[in-house]
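Before any comments, here is the structure.
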Amino acid sequence: KDCDLGKWMYAPTVGGIAKYGNVPEMKALESEHTKLHATIKTIMSLKQAGNAAGAEAEFAKVEPISKKIIELLNAVEAHVKRDEQRKAA
């Protein structure tokens with residue numbers, strides 16, 4: 001909830017979950033967002049413990065999670081646009 005994505009997702013009444021919680025991809029987005037933060041926390045813990053190899057192994061997970069987040073954001077946007085077009089028709 002401290003990063004920009006989290007601030008947008010969890011903002012009361014105007015946030016992504018409040019506005020688009022009915023979009024199936026939003027639940028998946030929330031899960032991936034949580035996974036990303038957990039992975040970063042694990043990387044930091046490993047690094048602080050002096051386990052650089054373990055931190056590097058965990059870091060390899062960041063890019064796929066980030067790509068999934070972008071895919072889900074694009075899917076949410078497409079879903080919202082389709083709904084808006086249906087309403088306008």
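Residues in the structure tokens are numbered from 1 in each chain, the chains being A, B, ... in the order shown, and ligands are numbered from 1 in the order shown.
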
Leaving out stretch 53-67 of chain A and any residue of its chain fewer than 2 positions from it, which residues lie within 8 Å of it when counting only C-alpha atoms, given as a PyMOL selection string? chain A and resi 32+35-36+39-40+42-44+46-47+51+69-71

Deliver the residues from the most recent selection as a file, using all heavy atoms, as a short mmCIF file (atom, residue, chain, number, x, y, z; two decimals), in the first residue's frame.
data_model
loop_
_atom_site.label_atom_id
_atom_site.label_comp_id
_atom_site.auth_asym_id
_atom_site.auth_seq_id
_atom_site.Cartn_x
_atom_site.Cartn_y
_atom_site.Cartn_z
N GLU A 32 -0.77 -10.92 -7.35
CA GLU A 32 0.57 -10.72 -7.91
C GLU A 32 1.29 -9.56 -7.21
O GLU A 32 2.49 -9.61 -6.97
CB GLU A 32 0.50 -10.48 -9.42
CG GLU A 32 0.11 -11.69 -10.21
CD GLU A 32 1.09 -12.85 -10.10
OE1 GLU A 32 2.31 -12.63 -10.18
OE2 GLU A 32 0.62 -13.99 -9.90
N LYS A 35 2.52 -10.86 -4.03
CA LYS A 35 3.65 -11.75 -4.30
C LYS A 35 4.91 -10.95 -4.58
O LYS A 35 6.00 -11.31 -4.11
CB LYS A 35 3.33 -12.65 -5.49
CG LYS A 35 4.36 -13.72 -5.76
CD LYS A 35 4.16 -14.47 -7.06
CE LYS A 35 2.84 -15.16 -7.18
NZ LYS A 35 2.73 -15.93 -8.45
N LEU A 36 4.79 -9.86 -5.32
CA LEU A 36 5.95 -9.03 -5.63
C LEU A 36 6.57 -8.46 -4.36
O LEU A 36 7.78 -8.54 -4.15
CB LEU A 36 5.57 -7.90 -6.59
CG LEU A 36 6.70 -6.94 -6.96
CD1 LEU A 36 7.82 -7.68 -7.70
CD2 LEU A 36 6.17 -5.80 -7.80
N THR A 39 8.32 -11.15 -2.38
CA THR A 39 9.58 -11.53 -3.02
C THR A 39 10.66 -10.50 -2.72
O THR A 39 11.80 -10.86 -2.38
CB THR A 39 9.39 -11.70 -4.54
OG1 THR A 39 8.38 -12.69 -4.77
CG2 THR A 39 10.67 -12.10 -5.24
N ILE A 40 10.32 -9.23 -2.82
CA ILE A 40 11.29 -8.16 -2.53
C ILE A 40 11.72 -8.24 -1.06
O ILE A 40 12.91 -8.10 -0.75
CB ILE A 40 10.70 -6.78 -2.85
CG1 ILE A 40 10.37 -6.65 -4.34
CG2 ILE A 40 11.63 -5.66 -2.38
CD1 ILE A 40 11.54 -6.80 -5.27
N THR A 42 11.82 -10.90 0.79
CA THR A 42 12.70 -12.07 0.90
C THR A 42 14.10 -11.73 0.37
O THR A 42 15.11 -12.10 0.99
CB THR A 42 12.12 -13.27 0.13
OG1 THR A 42 10.85 -13.60 0.70
CG2 THR A 42 13.04 -14.47 0.18
N ILE A 43 14.17 -11.02 -0.74
CA ILE A 43 15.46 -10.62 -1.30
C ILE A 43 16.23 -9.78 -0.28
O ILE A 43 17.42 -10.01 -0.04
CB ILE A 43 15.28 -9.83 -2.62
CG1 ILE A 43 14.73 -10.76 -3.71
CG2 ILE A 43 16.59 -9.17 -3.05
CD1 ILE A 43 14.22 -10.02 -4.94
N MET A 44 15.55 -8.82 0.31
CA MET A 44 16.20 -7.94 1.28
C MET A 44 16.70 -8.74 2.49
O MET A 44 17.81 -8.52 2.97
CB MET A 44 15.25 -6.83 1.72
CG MET A 44 14.85 -5.89 0.59
SD MET A 44 16.23 -5.06 -0.20
CE MET A 44 16.82 -4.06 1.14
N LEU A 46 17.47 -11.96 2.64
CA LEU A 46 18.60 -12.80 2.23
C LEU A 46 19.88 -11.97 2.09
O LEU A 46 20.95 -12.39 2.52
CB LEU A 46 18.28 -13.53 0.93
CG LEU A 46 17.24 -14.64 1.03
CD1 LEU A 46 16.77 -15.06 -0.36
CD2 LEU A 46 17.80 -15.83 1.79
N LYS A 47 19.74 -10.82 1.48
CA LYS A 47 20.89 -9.94 1.28
C LYS A 47 21.47 -9.49 2.63
O LYS A 47 22.68 -9.53 2.83
CB LYS A 47 20.47 -8.74 0.44
CG LYS A 47 21.59 -7.86 0.01
CD LYS A 47 22.38 -8.48 -1.11
CE LYS A 47 23.34 -7.46 -1.66
NZ LYS A 47 24.40 -8.04 -2.41
N ASN A 51 23.42 -13.72 2.28
CA ASN A 51 23.18 -14.79 1.30
C ASN A 51 22.93 -14.17 -0.07
O ASN A 51 21.80 -14.10 -0.55
CB ASN A 51 21.98 -15.63 1.75
CG ASN A 51 21.75 -16.83 0.86
OD1 ASN A 51 22.35 -16.95 -0.20
ND2 ASN A 51 20.88 -17.71 1.30
N ILE A 69 2.00 -8.57 -13.73
CA ILE A 69 1.28 -7.39 -13.25
C ILE A 69 0.90 -6.49 -14.42
O ILE A 69 -0.24 -6.03 -14.51
CB ILE A 69 2.10 -6.63 -12.18
CG1 ILE A 69 2.12 -7.44 -10.88
CG2 ILE A 69 1.56 -5.22 -11.95
CD1 ILE A 69 3.07 -6.92 -9.82
N ILE A 70 1.82 -6.27 -15.32
CA ILE A 70 1.53 -5.43 -16.49
C ILE A 70 0.46 -6.06 -17.35
O ILE A 70 -0.47 -5.38 -17.81
CB ILE A 70 2.82 -5.14 -17.28
CG1 ILE A 70 3.73 -4.23 -16.45
CG2 ILE A 70 2.51 -4.50 -18.64
CD1 ILE A 70 5.13 -4.09 -16.97
N GLU A 71 0.54 -7.36 -17.58
CA GLU A 71 -0.49 -8.07 -18.35
C GLU A 71 -1.86 -7.91 -17.70
O GLU A 71 -2.87 -7.66 -18.39
CB GLU A 71 -0.16 -9.56 -18.44
CG GLU A 71 0.99 -9.90 -19.34
CD GLU A 71 1.37 -11.38 -19.24
OE1 GLU A 71 0.59 -12.19 -18.68
OE2 GLU A 71 2.46 -11.73 -19.73
#

| message | Using DSSP assignments from the backbone, pull out every residue in chain A that falls under alpha helix (DSSP H) and give it to me as number ranges by chain. | response | A: 4-10, 16-20, 24-48, 52-59, 62-88

Selection file, C-alpha atoms, as a compact mmCIF listing (two decimals), in the first residue's frame:
# COMPACT_ATOMS: atom_id res chain seq x y z
CA ASP A 4 2.17 3.67 -6.39
CA LEU A 5 0.31 0.57 -7.53
CA GLY A 6 -0.80 -0.21 -3.99
CA LYS A 7 -1.91 3.38 -3.41
CA TRP A 8 -4.04 3.21 -6.55
CA MET A 9 -5.42 -0.25 -5.79
CA TYR A 10 -6.38 0.44 -2.19
CA GLY A 16 -8.78 0.17 -8.42
CA ILE A 17 -10.34 -2.43 -6.15
CA ALA A 18 -13.21 -0.13 -5.13
CA LYS A 19 -13.99 0.77 -8.74
CA TYR A 20 -13.04 -2.41 -10.60
CA PRO A 24 -11.77 -10.90 -12.43
CA GLU A 25 -8.26 -9.74 -13.27
CA MET A 26 -8.28 -7.36 -10.30
CA LYS A 27 -8.20 -10.29 -7.84
CA ALA A 28 -5.26 -11.79 -9.73
CA LEU A 29 -3.59 -8.37 -9.79
CA GLU A 30 -3.93 -8.07 -6.03
CA SER A 31 -2.37 -11.51 -5.61
CA GLU A 32 0.57 -10.72 -7.91
CA HIS A 33 1.11 -7.37 -6.17
CA THR A 34 1.30 -9.14 -2.82
CA LYS A 35 3.65 -11.75 -4.30
CA LEU A 36 5.95 -9.03 -5.63
CA HIS A 37 6.24 -7.35 -2.24
CA ALA A 38 6.85 -10.69 -0.51
CA THR A 39 9.58 -11.53 -3.02
CA ILE A 40 11.29 -8.16 -2.53
CA LYS A 41 11.11 -8.62 1.24
CA THR A 42 12.70 -12.07 0.90
CA ILE A 43 15.46 -10.62 -1.30
CA MET A 44 16.20 -7.94 1.28
CA SER A 45 16.28 -10.49 4.13
CA LEU A 46 18.60 -12.80 2.23
CA LYS A 47 20.89 -9.94 1.28
CA GLN A 48 21.03 -8.66 4.87
CA ALA A 52 23.88 -13.05 -1.99
CA ALA A 53 23.30 -16.22 -4.04
CA GLY A 54 19.89 -16.74 -2.47
CA ALA A 55 19.02 -13.09 -3.04
CA GLU A 56 20.02 -13.41 -6.69
CA ALA A 57 17.88 -16.52 -7.08
CA GLU A 58 14.89 -14.71 -5.61
CA PHE A 59 15.59 -11.66 -7.76
CA VAL A 62 10.87 -10.31 -9.98
CA GLU A 63 10.74 -9.86 -13.75
CA PRO A 64 8.12 -12.57 -14.40
CA ILE A 65 5.94 -11.20 -11.60
CA SER A 66 6.32 -7.67 -12.96
CA LYS A 67 5.37 -8.82 -16.45
CA LYS A 68 2.30 -10.59 -15.07
CA ILE A 69 1.28 -7.39 -13.25
CA ILE A 70 1.53 -5.43 -16.49
CA GLU A 71 -0.49 -8.07 -18.35
CA LEU A 72 -3.19 -7.94 -15.68
CA LEU A 73 -3.30 -4.13 -15.71
CA ASN A 74 -3.74 -4.23 -19.48
CA ALA A 75 -6.48 -6.84 -19.11
CA VAL A 76 -8.30 -4.70 -16.52
CA GLU A 77 -8.04 -1.68 -18.81
CA ALA A 78 -9.41 -3.67 -21.78
CA HIS A 79 -12.27 -5.01 -19.65
CA VAL A 80 -13.19 -1.52 -18.45
CA LYS A 81 -13.06 -0.11 -22.00
CA ARG A 82 -15.35 -2.89 -23.26
CA ASP A 83 -17.82 -2.16 -20.47
CA GLU A 84 -17.74 1.56 -21.26
CA GLN A 85 -18.33 0.90 -24.96
CA ARG A 86 -21.28 -1.36 -24.16
CA LYS A 87 -22.81 1.28 -21.92
CA ALA A 88 -22.33 3.97 -24.58
